[in-house]
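A.B. asks: So that we are looking at the same thing, I have put the structure below in structure tokens.
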Amino acid sequence: MKTYMKQLLLLAMIFVTITATGSNVNKQELNTAATPEYKTAIKDFLDVVGFGNTMKENLTATYAQFGLEGQYIDDLVNELVDKLPEKMADIYSKYFTLDEIKQLAEVNKNEIQEKIRSLQPQINKELIQEGQCYASGKPSPSAGIEAPADFEEAMREYFEISGFEKQMEQIRSLFESNFGLQTGALSGLYNEMPDMMVRIYSQYFTTSEIKQAAALSAMPCMKKFIEMTPAISQDTIAVTQEIIMEYFKNLF
């Protein structure tokens, strides 16, 4: 059970980049290839959100979790980091206009978005520790932290606007089905997850900052991004699999 929990939290950590979600979002057909201007806008957006570095860190951590390390894994990670961004323009063009991509880039340049991104690795690490302790029956590392009432209220609003609970439910269903777990086996962890996140985030953010993050998430372009993330993730997985298959085909 402990192994399942660790895998679960790693999957949550890489959700916006390479994770399938089982979403019911209908995929749109790709009518035309992305234009050069669109590709430039996508590159700017991916640079702003640190797509390449984030993917490299997450892939390396995920492979290491399964004991996959060494030069060929490093080479595979570099191959994915190098080739995936080239494919993202065609993926995003199925769901977003050029203006929407430019808006997303500008929103993500906001200082609160930058702070969230910079602290995400540490927050992910603490969430993994929380999950491991929960799975082993040990006390929560953050149990002694008491977030102010107004902070918790702001976080709950942020969860609702950002679609956090829906994303967690999708990941839970995915793990239960893929690992043969009984339906509801992970409900306890998911019931605890919002409280864990409130306690962890309260160490790094003020109530005002969380309200700013919620306001940004409520913007039309961000709401659409949140809505389309499951479909984009599925498309990204398909492309990732193609790159991996091609890599090993050339390797052997």
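Following the order of the structure tokens, chains are lettered A, B, ..., residues in each are numbered from 1, and ligands are numbered from 1.
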Find the residues near Met196 of chain A: any atom within 8 Å, counting only C-alpha atoms, skip ones fewer than 3 places away on the same chain, and give them as a ChimeraX atom specification.
C.D. replies: /A:127,130,142,192-193,199-200
A.B. asks: Could you list, as JSON, numbers by chain, every residue within 10 Å of Lys87 of chain A, counting only C-alpha atoms and ignoring same-chain residues fewer than 6 positions away?
C.D. replies: {"A": [34, 39, 235, 236, 239, 240]}
A.B. asks: Could you please determine the separation between atom CA of Glu126 of chain A and atom CA of Gly188 of chain A in Å, to one decimal place?
C.D. replies: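 Between atom CA of Glu126 of chain A and atom CA of Gly188 of chain A the gap is 18.0 Å.
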A.B. asks: Can you work out which one of A:Ile161, A:Ser202, A:Tyr95, A:Ile116 has the shortest atom-to-atom distance to Pro230 of chain A, counting only C-alpha atoms?
C.D. replies: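 The shortest atom-to-atom distance to Pro230 of chain A comes from A:Tyr95.
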A.B. asks: Near Tyr247 of chain A, within 12 Å and counting only C-alpha atoms, which residues show up once chain neighbours fewer than 2 positions away are dropped, as a CSV table (one decimal) with C-alpha atoms, in the first residue's frame?
C.D. replies:
```csv
chain,number,residue,atom,x,y,z
A,72,TYR,CA,20.3,5.7,-21.0
A,73,ILE,CA,17.6,7.1,-18.8
A,75,ASP,CA,19.6,10.3,-22.5
A,76,LEU,CA,15.9,9.4,-22.7
A,77,VAL,CA,14.9,12.3,-20.4
A,78,ASN,CA,17.0,14.7,-22.5
A,79,GLU,CA,15.4,13.4,-25.7
A,80,LEU,CA,11.9,14.1,-24.2
A,83,LYS,CA,11.5,17.0,-28.6
A,240,THR,CA,5.5,11.2,-25.2
A,241,GLN,CA,4.9,7.5,-26.0
A,242,GLU,CA,5.8,8.1,-29.6
A,243,ILE,CA,9.1,9.7,-28.7
A,244,ILE,CA,10.0,7.0,-26.2
A,245,MET,CA,9.2,4.2,-28.7
A,249,LYS,CA,13.8,1.7,-31.6
A,250,ASN,CA,17.0,3.7,-32.5
A,251,LEU,CA,18.8,2.5,-29.4
A,252,PHE,CA,18.4,-1.2,-30.2
```
A.B. asks: Could you tell me, as an MDAnalysis selection string, which residues of segment 39-219 of chain A DSSP assigns to helix (DSSP H, G or I) when given the backbone?
C.D. replies: chainID A and resid 39:48 51:65 71:92 98:107 111:136 149:162 164:178 187:201 207:217
A.B. asks: Save out the residues we just selected, C-alpha atoms, as a compact mmCIF listing (two decimals), in the first residue's frame.
C.D. replies:
```txt
# COMPACT_ATOMS: atom_id res chain seq x y z
CA LYS A 39 4.88 28.29 -32.43
CA THR A 40 6.71 31.39 -31.23
CA ALA A 41 3.89 32.20 -28.81
CA ILE A 42 3.89 28.63 -27.48
CA LYS A 43 7.63 28.76 -26.95
CA ASP A 44 7.23 31.98 -24.96
CA PHE A 45 4.46 30.42 -22.87
CA LEU A 46 6.45 27.23 -22.19
CA ASP A 47 9.52 29.27 -21.27
CA VAL A 48 7.48 31.38 -18.85
CA PHE A 51 8.09 23.58 -18.98
CA GLY A 52 11.45 22.07 -19.92
CA ASN A 53 13.07 22.22 -16.48
CA THR A 54 9.92 21.03 -14.74
CA MET A 55 9.54 18.09 -17.09
CA LYS A 56 13.18 17.08 -16.67
CA GLU A 57 12.95 17.17 -12.87
CA ASN A 58 9.67 15.25 -12.80
CA LEU A 59 10.69 12.59 -15.32
CA THR A 60 14.02 11.99 -13.56
CA ALA A 61 12.29 11.70 -10.17
CA THR A 62 9.61 9.38 -11.55
CA TYR A 63 12.06 7.01 -13.25
CA ALA A 64 14.26 6.97 -10.13
CA GLN A 65 11.22 6.02 -8.06
CA GLN A 71 23.04 7.05 -18.73
CA TYR A 72 20.34 5.67 -21.02
CA ILE A 73 17.64 7.07 -18.75
CA ASP A 74 19.40 10.44 -18.68
CA ASP A 75 19.59 10.35 -22.48
CA LEU A 76 15.89 9.45 -22.73
CA VAL A 77 14.93 12.32 -20.44
CA ASN A 78 17.01 14.73 -22.51
CA GLU A 79 15.36 13.40 -25.66
CA LEU A 80 11.91 14.06 -24.25
CA VAL A 81 12.83 17.51 -22.95
CA ASP A 82 14.28 18.37 -26.36
CA LYS A 83 11.48 17.05 -28.56
CA LEU A 84 8.28 17.50 -26.58
CA PRO A 85 8.19 21.32 -26.71
CA GLU A 86 8.37 21.08 -30.51
CA LYS A 87 5.14 19.07 -30.46
CA MET A 88 3.26 21.30 -28.02
CA ALA A 89 2.27 23.95 -30.57
CA ASP A 90 0.23 21.44 -32.57
CA ILE A 91 -1.36 20.12 -29.38
CA TYR A 92 -2.29 23.54 -27.99
CA LEU A 98 -3.11 32.65 -30.63
CA ASP A 99 -4.53 35.46 -28.47
CA GLU A 100 -5.39 33.01 -25.69
CA ILE A 101 -1.85 31.62 -25.63
CA LYS A 102 -0.46 35.17 -25.41
CA GLN A 103 -2.86 35.89 -22.54
CA LEU A 104 -1.77 32.72 -20.73
CA ALA A 105 1.88 33.76 -21.06
CA GLU A 106 1.14 37.20 -19.58
CA VAL A 107 -0.91 35.81 -16.68
CA GLU A 111 4.69 37.48 -9.49
CA ILE A 112 2.30 35.25 -7.53
CA GLN A 113 2.33 32.67 -10.33
CA GLU A 114 6.12 32.83 -10.36
CA LYS A 115 6.20 32.30 -6.59
CA ILE A 116 3.90 29.30 -6.82
CA ARG A 117 6.11 27.76 -9.51
CA SER A 118 9.32 28.39 -7.58
CA LEU A 119 7.93 26.76 -4.44
CA GLN A 120 6.17 23.87 -6.16
CA PRO A 121 9.12 21.41 -5.90
CA GLN A 122 9.29 21.93 -2.13
CA ILE A 123 5.51 21.68 -1.78
CA ASN A 124 5.49 18.49 -3.84
CA LYS A 125 8.23 17.03 -1.65
CA GLU A 126 6.23 17.77 1.49
CA LEU A 127 3.07 16.30 -0.04
CA ILE A 128 4.95 13.08 -0.85
CA GLN A 129 6.16 12.92 2.74
CA GLU A 130 2.59 13.43 3.92
CA GLY A 131 1.37 10.58 1.71
CA GLN A 132 4.13 8.24 2.88
CA CYS A 133 3.33 8.95 6.52
CA TYR A 134 -0.37 8.47 5.89
CA ALA A 135 0.25 5.13 4.15
CA SER A 136 2.48 3.87 6.96
CA ALA A 149 -9.29 30.66 9.44
CA ASP A 150 -9.20 33.28 6.68
CA PHE A 151 -6.30 31.48 5.01
CA GLU A 152 -8.17 28.17 5.00
CA GLU A 153 -11.24 29.89 3.56
CA ALA A 154 -9.13 31.43 0.79
CA MET A 155 -7.52 28.06 0.03
CA ARG A 156 -10.89 26.33 -0.23
CA GLU A 157 -11.99 28.96 -2.73
CA TYR A 158 -8.74 28.49 -4.64
CA PHE A 159 -9.32 24.71 -4.74
CA GLU A 160 -12.80 25.23 -6.18
CA ILE A 161 -11.75 27.74 -8.84
CA SER A 162 -8.64 25.80 -9.89
CA PHE A 164 -8.21 20.81 -7.62
CA GLU A 165 -10.77 18.40 -6.18
CA LYS A 166 -11.87 17.28 -9.64
CA GLN A 167 -8.26 16.62 -10.65
CA MET A 168 -7.61 14.63 -7.48
CA GLU A 169 -10.73 12.53 -8.07
CA GLN A 170 -9.58 11.76 -11.61
CA ILE A 171 -6.14 10.67 -10.40
CA ARG A 172 -7.68 8.54 -7.67
CA SER A 173 -9.92 6.73 -10.17
CA LEU A 174 -6.97 6.22 -12.51
CA PHE A 175 -4.83 4.62 -9.82
CA GLU A 176 -7.60 2.44 -8.45
CA SER A 177 -8.35 1.05 -11.90
CA ASN A 178 -4.74 0.68 -13.07
CA SER A 187 -10.64 7.84 -0.35
CA GLY A 188 -9.03 8.34 3.03
CA LEU A 189 -5.95 9.99 1.56
CA TYR A 190 -8.02 12.21 -0.71
CA ASN A 191 -10.22 13.28 2.15
CA GLU A 192 -7.08 14.35 4.00
CA MET A 193 -5.33 15.97 1.01
CA PRO A 194 -7.07 19.40 1.13
CA ASP A 195 -6.25 19.78 4.84
CA MET A 196 -2.64 18.74 4.17
CA MET A 197 -2.34 21.32 1.41
CA VAL A 198 -3.84 24.08 3.56
CA ARG A 199 -1.27 23.42 6.28
CA ILE A 200 1.67 23.20 3.84
CA TYR A 201 0.72 26.27 1.79
CA THR A 207 -4.03 34.91 2.66
CA SER A 208 -3.71 37.85 0.25
CA GLU A 209 -1.43 35.86 -2.06
CA ILE A 210 -3.82 32.91 -2.20
CA LYS A 211 -6.68 35.29 -3.01
CA GLN A 212 -4.57 36.72 -5.84
CA ALA A 213 -3.91 33.19 -7.12
CA ALA A 214 -7.64 32.45 -7.03
CA ALA A 215 -8.42 35.66 -8.92
CA LEU A 216 -5.90 34.75 -11.62
CA SER A 217 -7.34 31.25 -11.90
```
